[in-house]
Every structure is written in C-alpha cells, then in structure tokens.
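Next comes upload_11.txt, with compact mmCIF, C-alpha atoms.
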# COMPACT_ATOMS: atom_id res chain seq x y z
CA MET A 24 10.05 -44.90 16.76
CA THR A 25 13.71 -43.98 17.12
CA SER A 26 15.49 -41.73 14.68
CA LEU A 27 17.41 -43.59 11.96
CA HIS A 28 20.42 -42.06 10.30
CA THR A 29 22.91 -42.96 7.56
CA THR A 30 25.74 -41.21 5.67
CA ILE A 31 27.13 -41.72 2.17
CA ARG A 32 30.34 -40.13 0.88
CA PHE A 33 30.63 -39.49 -2.85
CA GLN A 34 32.62 -37.89 -5.62
CA PRO A 35 30.60 -34.93 -6.97
CA ASP A 36 30.87 -35.74 -10.69
CA ALA A 37 28.30 -37.23 -13.11
CA LEU A 38 28.99 -40.87 -12.29
CA GLY A 39 29.66 -40.21 -8.61
CA VAL A 40 26.25 -38.57 -8.12
CA ARG A 41 24.52 -41.39 -10.00
CA GLN A 42 26.06 -43.88 -7.56
CA ALA A 43 25.18 -41.63 -4.61
CA LEU A 44 21.57 -41.45 -5.82
CA ASP A 45 21.31 -45.24 -6.13
CA GLU A 46 22.97 -45.86 -2.79
CA GLY A 47 20.91 -43.10 -1.15
CA MET A 48 17.64 -44.55 -2.46
CA SER A 49 18.67 -48.02 -1.41
CA ARG A 50 19.32 -46.76 2.14
CA CYS A 51 16.02 -44.82 2.15
CA ARG A 52 14.17 -48.01 1.20
CA GLY A 53 15.93 -49.68 4.11
CA LEU A 54 14.82 -46.94 6.53
CA VAL A 55 11.10 -46.84 5.77
CA PRO A 56 8.77 -49.61 6.96
CA VAL A 57 8.36 -52.57 4.61
CA GLY A 58 5.58 -51.87 2.09
CA ARG A 59 6.04 -48.09 2.21
CA GLU A 60 8.84 -47.89 -0.37
CA ASP A 61 6.34 -46.45 -2.86
CA ARG A 62 6.36 -43.19 -0.87
CA LEU A 63 9.93 -42.55 -2.01
CA GLY A 64 9.27 -41.62 -5.66
CA ASN A 65 9.42 -37.89 -4.94
CA VAL A 66 12.61 -38.35 -2.94
CA GLN A 67 14.31 -39.97 -5.94
CA ILE A 68 13.32 -37.13 -8.30
CA VAL A 69 14.41 -34.40 -5.86
CA LEU A 70 17.63 -36.08 -4.82
CA ALA A 71 18.64 -36.62 -8.45
CA GLU A 72 18.12 -32.94 -9.25
CA ALA A 73 19.93 -31.70 -6.14
CA LEU A 74 22.88 -34.04 -6.72
CA ASN A 75 23.06 -33.13 -10.43
CA ASN A 76 23.24 -29.46 -9.46
CA VAL A 77 26.26 -30.19 -7.28
CA ALA A 78 27.99 -32.11 -10.09
CA GLU A 79 27.11 -29.61 -12.84
CA HIS A 80 27.51 -26.25 -11.10
CA GLY A 81 28.99 -26.77 -7.66
CA PHE A 82 32.56 -27.48 -8.66
CA ALA A 83 32.99 -25.56 -11.93
CA GLU A 84 36.72 -24.71 -12.10
CA LEU A 85 37.26 -26.09 -8.60
CA PRO A 86 39.10 -29.32 -7.73
CA LEU A 87 36.61 -32.06 -6.84
CA THR A 88 36.48 -32.83 -3.15
CA GLU A 89 34.45 -35.55 -1.53
CA ALA A 90 30.86 -34.63 -0.71
CA ARG A 91 28.43 -36.15 1.79
CA LEU A 92 24.83 -37.25 1.76
CA ASP A 93 23.14 -37.56 5.16
CA ILE A 94 19.77 -39.27 5.37
CA ALA A 95 17.64 -39.36 8.51
CA LEU A 96 14.16 -40.65 9.21
CA ASN A 97 12.31 -39.42 12.28
CA ARG A 98 8.76 -40.78 12.49
CA ASP A 99 7.46 -40.02 9.01
CA THR A 100 9.79 -37.10 8.28
CA LEU A 101 12.68 -37.92 5.98
CA THR A 102 15.53 -35.41 5.92
CA VAL A 103 18.19 -35.56 3.23
CA SER A 104 21.22 -33.26 3.51
CA ILE A 105 23.84 -32.74 0.85
CA CYS A 106 27.09 -31.21 2.11
CA ASP A 107 29.79 -30.14 -0.32
CA LYS A 108 32.72 -27.79 -0.57
CA GLY A 109 31.66 -26.42 -3.96
CA HIS A 110 30.68 -22.88 -4.88
CA GLU A 111 28.16 -21.19 -2.63
CA MET A 112 24.60 -20.71 -3.89
CA PRO A 113 24.13 -17.32 -5.61
CA GLY A 114 23.06 -14.78 -2.99
CA LEU A 115 23.42 -17.52 -0.34
CA ARG A 116 19.80 -18.43 -1.00
CA VAL A 117 17.85 -21.42 -2.25
CA PRO A 118 17.36 -20.68 -5.98
CA ALA A 119 13.76 -19.87 -6.94
CA PRO A 120 11.88 -22.16 -9.32
CA LYS A 121 11.98 -21.10 -12.97
CA HIS A 122 8.74 -20.90 -14.89
CA HIS A 123 8.99 -21.62 -18.58
CA ASP A 124 6.69 -20.52 -21.37
CA LEU A 125 5.91 -23.63 -23.40
CA ASN A 126 3.49 -21.89 -25.75
CA GLY A 127 5.96 -20.65 -28.34
CA ASP A 128 7.65 -22.42 -31.23
CA VAL A 129 8.88 -26.00 -30.71
CA GLN A 130 12.43 -24.82 -31.38
CA ASP A 131 12.15 -22.47 -28.37
CA LEU A 132 11.14 -25.18 -25.90
CA PRO A 133 13.46 -25.32 -22.87
CA GLU A 134 15.82 -28.30 -22.56
CA GLY A 135 16.83 -27.54 -18.99
CA GLY A 136 16.22 -25.29 -16.02
CA PHE A 137 13.59 -27.58 -14.48
CA GLY A 138 15.62 -28.80 -11.52
CA TRP A 139 14.73 -26.25 -8.85
CA MET A 140 11.08 -26.25 -9.86
CA LEU A 141 10.94 -30.02 -9.30
CA ILE A 142 12.78 -29.67 -5.98
CA HIS A 143 10.37 -26.94 -4.78
CA GLU A 144 7.28 -28.85 -5.93
CA LEU A 145 8.17 -32.17 -4.34
CA THR A 146 9.65 -31.22 -0.96
CA SER A 147 7.91 -30.10 2.21
CA ARG A 148 10.78 -27.80 3.08
CA ILE A 149 14.16 -26.66 1.71
CA ASP A 150 16.92 -25.20 3.90
CA TYR A 151 20.28 -23.90 2.78
CA ALA A 152 23.23 -22.72 4.83
CA ARG A 153 26.85 -21.99 4.05
CA VAL A 154 28.77 -23.30 7.05
CA ASP A 155 32.43 -22.31 6.95
CA ASP A 156 33.37 -23.27 3.38
CA GLU A 157 30.67 -25.91 3.00
CA ASN A 158 27.18 -25.91 1.46
CA HIS A 159 24.48 -27.61 3.51
CA LEU A 160 21.32 -28.18 1.51
CA THR A 161 18.64 -29.90 3.56
CA LEU A 162 15.54 -31.31 1.89
CA THR A 163 12.62 -32.42 4.03
CA PHE A 164 9.84 -34.82 3.02
CA VAL A 165 6.78 -35.76 5.02
CA LEU A 166 6.14 -39.29 3.82
CA ALA A 167 2.79 -40.09 5.47
CA LEU A 168 4.04 -43.52 6.42
CA ASP A 169 1.20 -44.40 8.81
CA MET B 143 22.88 -45.99 -24.19
CA SER B 144 20.92 -48.75 -25.88
CA LEU B 145 18.06 -48.01 -28.21
CA THR B 146 16.24 -50.59 -30.31
CA SER B 147 14.55 -49.34 -33.44
CA THR B 148 11.96 -51.01 -35.67
CA ILE B 149 9.55 -49.82 -38.34
CA GLN B 150 5.96 -50.99 -38.15
CA ASN B 151 2.89 -49.60 -39.92
CA GLU B 152 4.82 -46.58 -41.18
CA THR B 153 5.87 -45.73 -37.64
CA ARG B 154 9.39 -45.83 -36.30
CA ILE B 155 9.32 -47.38 -32.84
CA ILE B 156 12.36 -46.66 -30.70
CA SER B 157 12.56 -48.59 -27.43
CA VAL B 158 14.85 -47.47 -24.63
CA ASP B 159 16.61 -50.53 -23.23
CA ALA B 160 17.69 -48.89 -19.97
CA ASP B 161 16.06 -48.34 -16.60
CA ARG B 162 16.84 -44.62 -16.60
CA ILE B 163 17.64 -41.59 -18.72
CA ASP B 164 19.80 -39.34 -16.55
CA ALA B 165 22.37 -36.56 -16.73
CA ALA B 166 25.27 -38.98 -17.22
CA MET B 167 23.73 -40.39 -20.42
CA ALA B 168 21.67 -37.45 -21.74
CA ILE B 169 24.09 -36.37 -24.50
CA GLN B 170 24.57 -39.95 -25.73
CA PHE B 171 20.78 -40.41 -25.78
CA LYS B 172 20.28 -37.28 -27.86
CA ASP B 173 23.01 -38.33 -30.33
CA ASP B 174 21.62 -41.86 -30.62
CA MET B 175 18.12 -40.46 -31.21
CA ARG B 176 19.53 -38.27 -33.97
CA SER B 177 20.97 -41.28 -35.81
CA GLU B 178 17.84 -43.39 -35.29
CA THR B 179 15.56 -40.68 -36.67
CA ALA B 180 17.84 -39.43 -39.48
CA ASP B 181 15.58 -41.08 -42.06
CA GLY B 182 12.48 -43.25 -42.20
CA PRO B 183 8.83 -42.64 -41.31
CA ASP B 184 7.56 -39.26 -40.15
CA ARG B 185 5.90 -40.75 -37.11
CA VAL B 186 8.33 -41.67 -34.32
CA VAL B 187 7.17 -43.35 -31.11
CA LEU B 188 9.60 -43.51 -28.19
CA ASP B 189 8.77 -46.49 -25.99
CA LEU B 190 9.68 -45.71 -22.36
CA THR B 191 8.18 -48.86 -20.81
CA LYS B 192 11.52 -50.01 -19.34
CA VAL B 193 12.49 -46.59 -18.01
CA ASP B 194 11.52 -46.23 -14.37
CA PHE B 195 13.40 -43.01 -13.72
CA ILE B 196 14.17 -39.83 -15.60
CA ASP B 197 15.78 -36.64 -14.32
CA SER B 198 15.45 -33.17 -15.83
CA SER B 199 18.55 -33.73 -17.99
CA GLY B 200 16.90 -36.84 -19.42
CA LEU B 201 13.72 -34.86 -20.00
CA GLY B 202 15.78 -32.16 -21.74
CA ALA B 203 17.33 -34.84 -23.96
CA ILE B 204 13.87 -36.03 -25.04
CA VAL B 205 12.84 -32.44 -25.81
CA ALA B 206 16.09 -31.98 -27.77
CA SER B 207 15.34 -35.22 -29.67
CA MET B 208 12.05 -33.71 -30.79
CA LYS B 209 13.66 -30.41 -31.80
CA GLN B 210 16.26 -32.11 -33.98
CA LEU B 211 13.66 -34.03 -36.04
CA GLY B 212 12.96 -33.24 -39.68
CA GLN B 213 10.21 -30.74 -40.46
CA ASN B 214 7.45 -33.33 -41.01
CA GLN B 215 8.53 -35.76 -38.32
CA LYS B 216 6.63 -36.04 -35.05
CA LEU B 217 7.80 -37.61 -31.78
CA GLU B 218 5.24 -39.32 -29.54
CA LEU B 219 5.83 -41.11 -26.24
CA ALA B 220 4.50 -44.42 -24.98
CA GLY B 221 4.64 -46.43 -21.75
CA LEU B 222 5.50 -43.74 -19.22
CA THR B 223 5.99 -45.30 -15.77
CA PRO B 224 4.58 -43.35 -12.77
CA ASN B 225 7.71 -41.43 -11.79
CA VAL B 226 8.52 -40.58 -15.41
CA GLN B 227 4.97 -39.36 -15.90
CA LYS B 228 5.27 -37.20 -12.80
CA VAL B 229 8.33 -35.38 -14.19
CA PHE B 230 6.45 -34.72 -17.45
CA ARG B 231 3.38 -33.47 -15.58
CA LEU B 232 5.22 -31.14 -13.19
CA THR B 233 7.21 -29.55 -16.03
CA ARG B 234 4.01 -29.45 -18.17
CA MET B 235 5.90 -31.27 -20.94
CA ASP B 236 2.91 -33.65 -20.92
CA THR B 237 1.10 -30.88 -22.82
CA ILE B 238 3.76 -30.81 -25.56
CA PHE B 239 3.95 -34.50 -26.46
CA THR B 240 1.18 -36.92 -27.40
CA LEU B 241 1.34 -39.60 -24.69
CA PHE B 242 0.15 -43.20 -24.86
CA ALA B 243 -0.20 -45.49 -21.84
CA THR B 244 1.34 -48.41 -23.73
CA LEU B 245 3.07 -49.07 -27.03
CA ASN B 246 -0.03 -51.01 -28.14
CA ASP B 247 -2.18 -47.92 -27.53
CA ALA B 248 0.30 -45.90 -29.60
CA MET B 249 -0.05 -48.35 -32.47
CA ASP B 250 -3.86 -48.26 -32.12
CA GLY B 251 -3.74 -44.45 -31.96
CA GLN B 252 -5.42 -44.13 -28.55
CA PRO B 253 -3.77 -41.31 -26.55
CA VAL B 254 -3.97 -41.12 -22.74

Any chance you could give the structure as structure tokens?
Amino acid sequence: MTSLHTTIRFQPDALGVRQALDEGMSRCRGLVPVGREDRLGNVQIVLAEALNNVAEHGFAELPLTEARLDIALNRDTLTVSICDKGHEMPGLRVPAPKHHDLNGDVQDLPEGGFGWMLIHELTSRIDYARVDDENHLTLTFVLALD
Amino acid sequence: MSLTSTIQNETRIISVDADRIDAAMAIQFKDDMRSETADGPDRVVLDLTKVDFIDSSGLGAIVASMKQLGQNQKLELAGLTPNVQKVFRLTRMDTIFTLFATLNDAMDGQPV
C-alpha cells in the first residue's frame, strides 16, 4: 500500500477548527479502506481536542494566522499533524494528562481540563516540536485496518 | 443550539436537536439548559440520541447544566451514541450521571 497524504489549511478560531475537524474527518474516511470508517472514532475525539486547544490557548493575544492540518496514512498507521504559529507549549513539552477527583461535592465537579487526558488515552503516540516559530503536534493512531 | 422540551410523567425531557455539542456551542447549550430547567419537574432527562459527537467542552457544558439545577432537581442522560459514551467513560463522568440506553428506558426507569 502506498502512503496517502492530504493537507487542510484553517483559521484557528472556534468555527475554523470545527470546519477543519469536519474536513479532516471527511478526508480520513476517504483514506481508509471502505468499511473501516468505524476505526476513526478515536481520531475524531482526539483531533477535536487538539484543534480546540489551538483555538482556545494557542493564539491568546496573538493575531490569528492560518494553521495547517496534515493527514497521512501509511499501511494502518494514521498520522495527523497540526502546525500553527501560536504560543509554544509550556516547557516545550506535550502537556501531561490531568486527573480529576470526582468524589467531592457536585458543585466541585470539573467542567474542563479533560482534553489532554483524552488525547493521551486515545493515541498510540504524541510528538511535539517547536520548529522555528511553529508548533508541530503529531498524533499517531494504529488503526488495525486489516 | 436547538433543544426541544416536553413534560411527561413528571419528568422534563429535553432533546438535543443537533448532531454535536462542541466548543463553539457549549456556552449557548448551557444557557439554553438553564432556561429549560428554570422551573418544572425535579427529574430532568437529557436525550442525546441525535448527538453523534461531543468534545470535552460539550461534556463540560453538560456538567455545568447539572450544577446549575435547583437543589432537588436531578439530571439524567439517555441515548448516548458510542463516541459520546466513550468520552463519558474515559473522563469517568459515566459514574456521576445515571445513564439510560434509550429515552424509553429512561421513562421505564431501567438504567444501563
């Protein structure tokens, strides 16, 4: 099987990332063999969280500049890279998953902070690099397509 | 955001007429839930049958909808589709809400 590759350019704001997610998932469905689209559920959850992070934190007090979503399928390994010129990740590292205590009072239940936990749980691998003034977040999924 | 609300057997049933609850609509969802649950029965069932995707902002909006209820009100969830259920399971929010496979099960009182 040859490697398949596609790129989407998007505006890193709330509506821009929603469109990028939809377009990205549509292209992913086009890349995997017919009948294997059900393997992409995790990709949708992870991609939504990663794109939301870019829109919500990446460009705080920065002018929005176009960002890029690269999707590649090589055998059954799907690689999704988000490249943006937003703020660098704190400590130049992939943020660790947060663990919440849900045992307290209802009023203390968390309403956010789940994103990185979902990304960690549902990917096979996460890579982050700051290349010049650009973030490259690469998310890898082994889809077991055979 | 479109929510449809009816009262049946002393239960307020709120159906989400959208295929997703995401970051772009989370605040609107929370506000609409506040108006829908401002009065009426103590038992509130949110029907998620039509929702095939939720992100963590959408999840947060559902949690917020529960927190803004009156003291005796209770929010339960029905009709979680597979990917929605997965987000609840991974965040362990499935342990906080009573979940029903379908709206009918919710009305019959048979949790998952």

Quick one: pull the distance between CA of Thr161 (chain A) and CA of Glu46 (chain A), Å, one decimal. 17.7 Å

Hey, which bits of chain B sit within 6 Å of chain A, and for each residue what's the closest pair of atoms and how far apart in Å (one decimal), counting all atoms listed in the file, rows by chain and increasing number, as a Markdown table?
| residue | atom | partner | partner_atom | distance |
| --- | --- | --- | --- | --- |
| B:Ala166 | CA | A:Ala37 | CA | 5.4 |
| B:Gly202 | CA | A:Glu134 | CA | 3.9 |
| B:Lys209 | CA | A:Gln130 | CA | 5.7 |

Leaving out region 85-94 of chain A and any residue of its chain fewer than 6 positions from it, which residues lie within 7 Å of it when counting all atoms listed in the file, given as a VMD selection string? chain A and resid 28 to 35 102 to 108

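Between CA of Pro120 (chain A) and CA of Ile196 (chain B) lies a distance of 18.9 Å.
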
Pick out the residues sitting within 12 Å of Ala180 (chain B), and hand them over as a list of chain:residue names; count all atoms listed in the file, and ignore anything fewer than 4 positions along from it in its own chain.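 Near neighbours after the sequence-gap exclusion: B:Arg154, B:Asp173, B:Asp174, B:Met175, B:Arg176, B:Asp184, B:Val186, B:Ser207, B:Met208, B:Gln210, B:Leu211, B:Gly212, B:Gln213, B:Gln215.
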
Residues from the last selection, C-alpha atoms, saved as a JSON list (two decimals), in the coordinates of the input:
[["chain", "number", "residue", "atom", "x", "y", "z"],
["B", 154, "ARG", "CA", 9.39, -45.83, -36.30],
["B", 173, "ASP", "CA", 23.01, -38.33, -30.33],
["B", 174, "ASP", "CA", 21.62, -41.86, -30.62],
["B", 175, "MET", "CA", 18.12, -40.46, -31.21],
["B", 176, "ARG", "CA", 19.53, -38.27, -33.97],
["B", 184, "ASP", "CA", 7.56, -39.26, -40.15],
["B", 186, "VAL", "CA", 8.33, -41.67, -34.32],
["B", 207, "SER", "CA", 15.34, -35.22, -29.67],
["B", 208, "MET", "CA", 12.05, -33.71, -30.79],
["B", 210, "GLN", "CA", 16.26, -32.11, -33.98],
["B", 211, "LEU", "CA", 13.66, -34.03, -36.04],
["B", 212, "GLY", "CA", 12.96, -33.24, -39.68],
["B", 213, "GLN", "CA", 10.21, -30.74, -40.46],
["B", 215, "GLN", "CA", 8.53, -35.76, -38.32]]

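Residue nearest Ala243 (chain B), chosen from B:Val229, B:Ala203, B:Ala168, B:Leu188 and counting all atoms listed in the file: B:Leu188.
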
Atom-to-atom span, CA of Gly221 (chain B) and CA of Pro253 (chain B), Å: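 So the answer is 11.0 Å.
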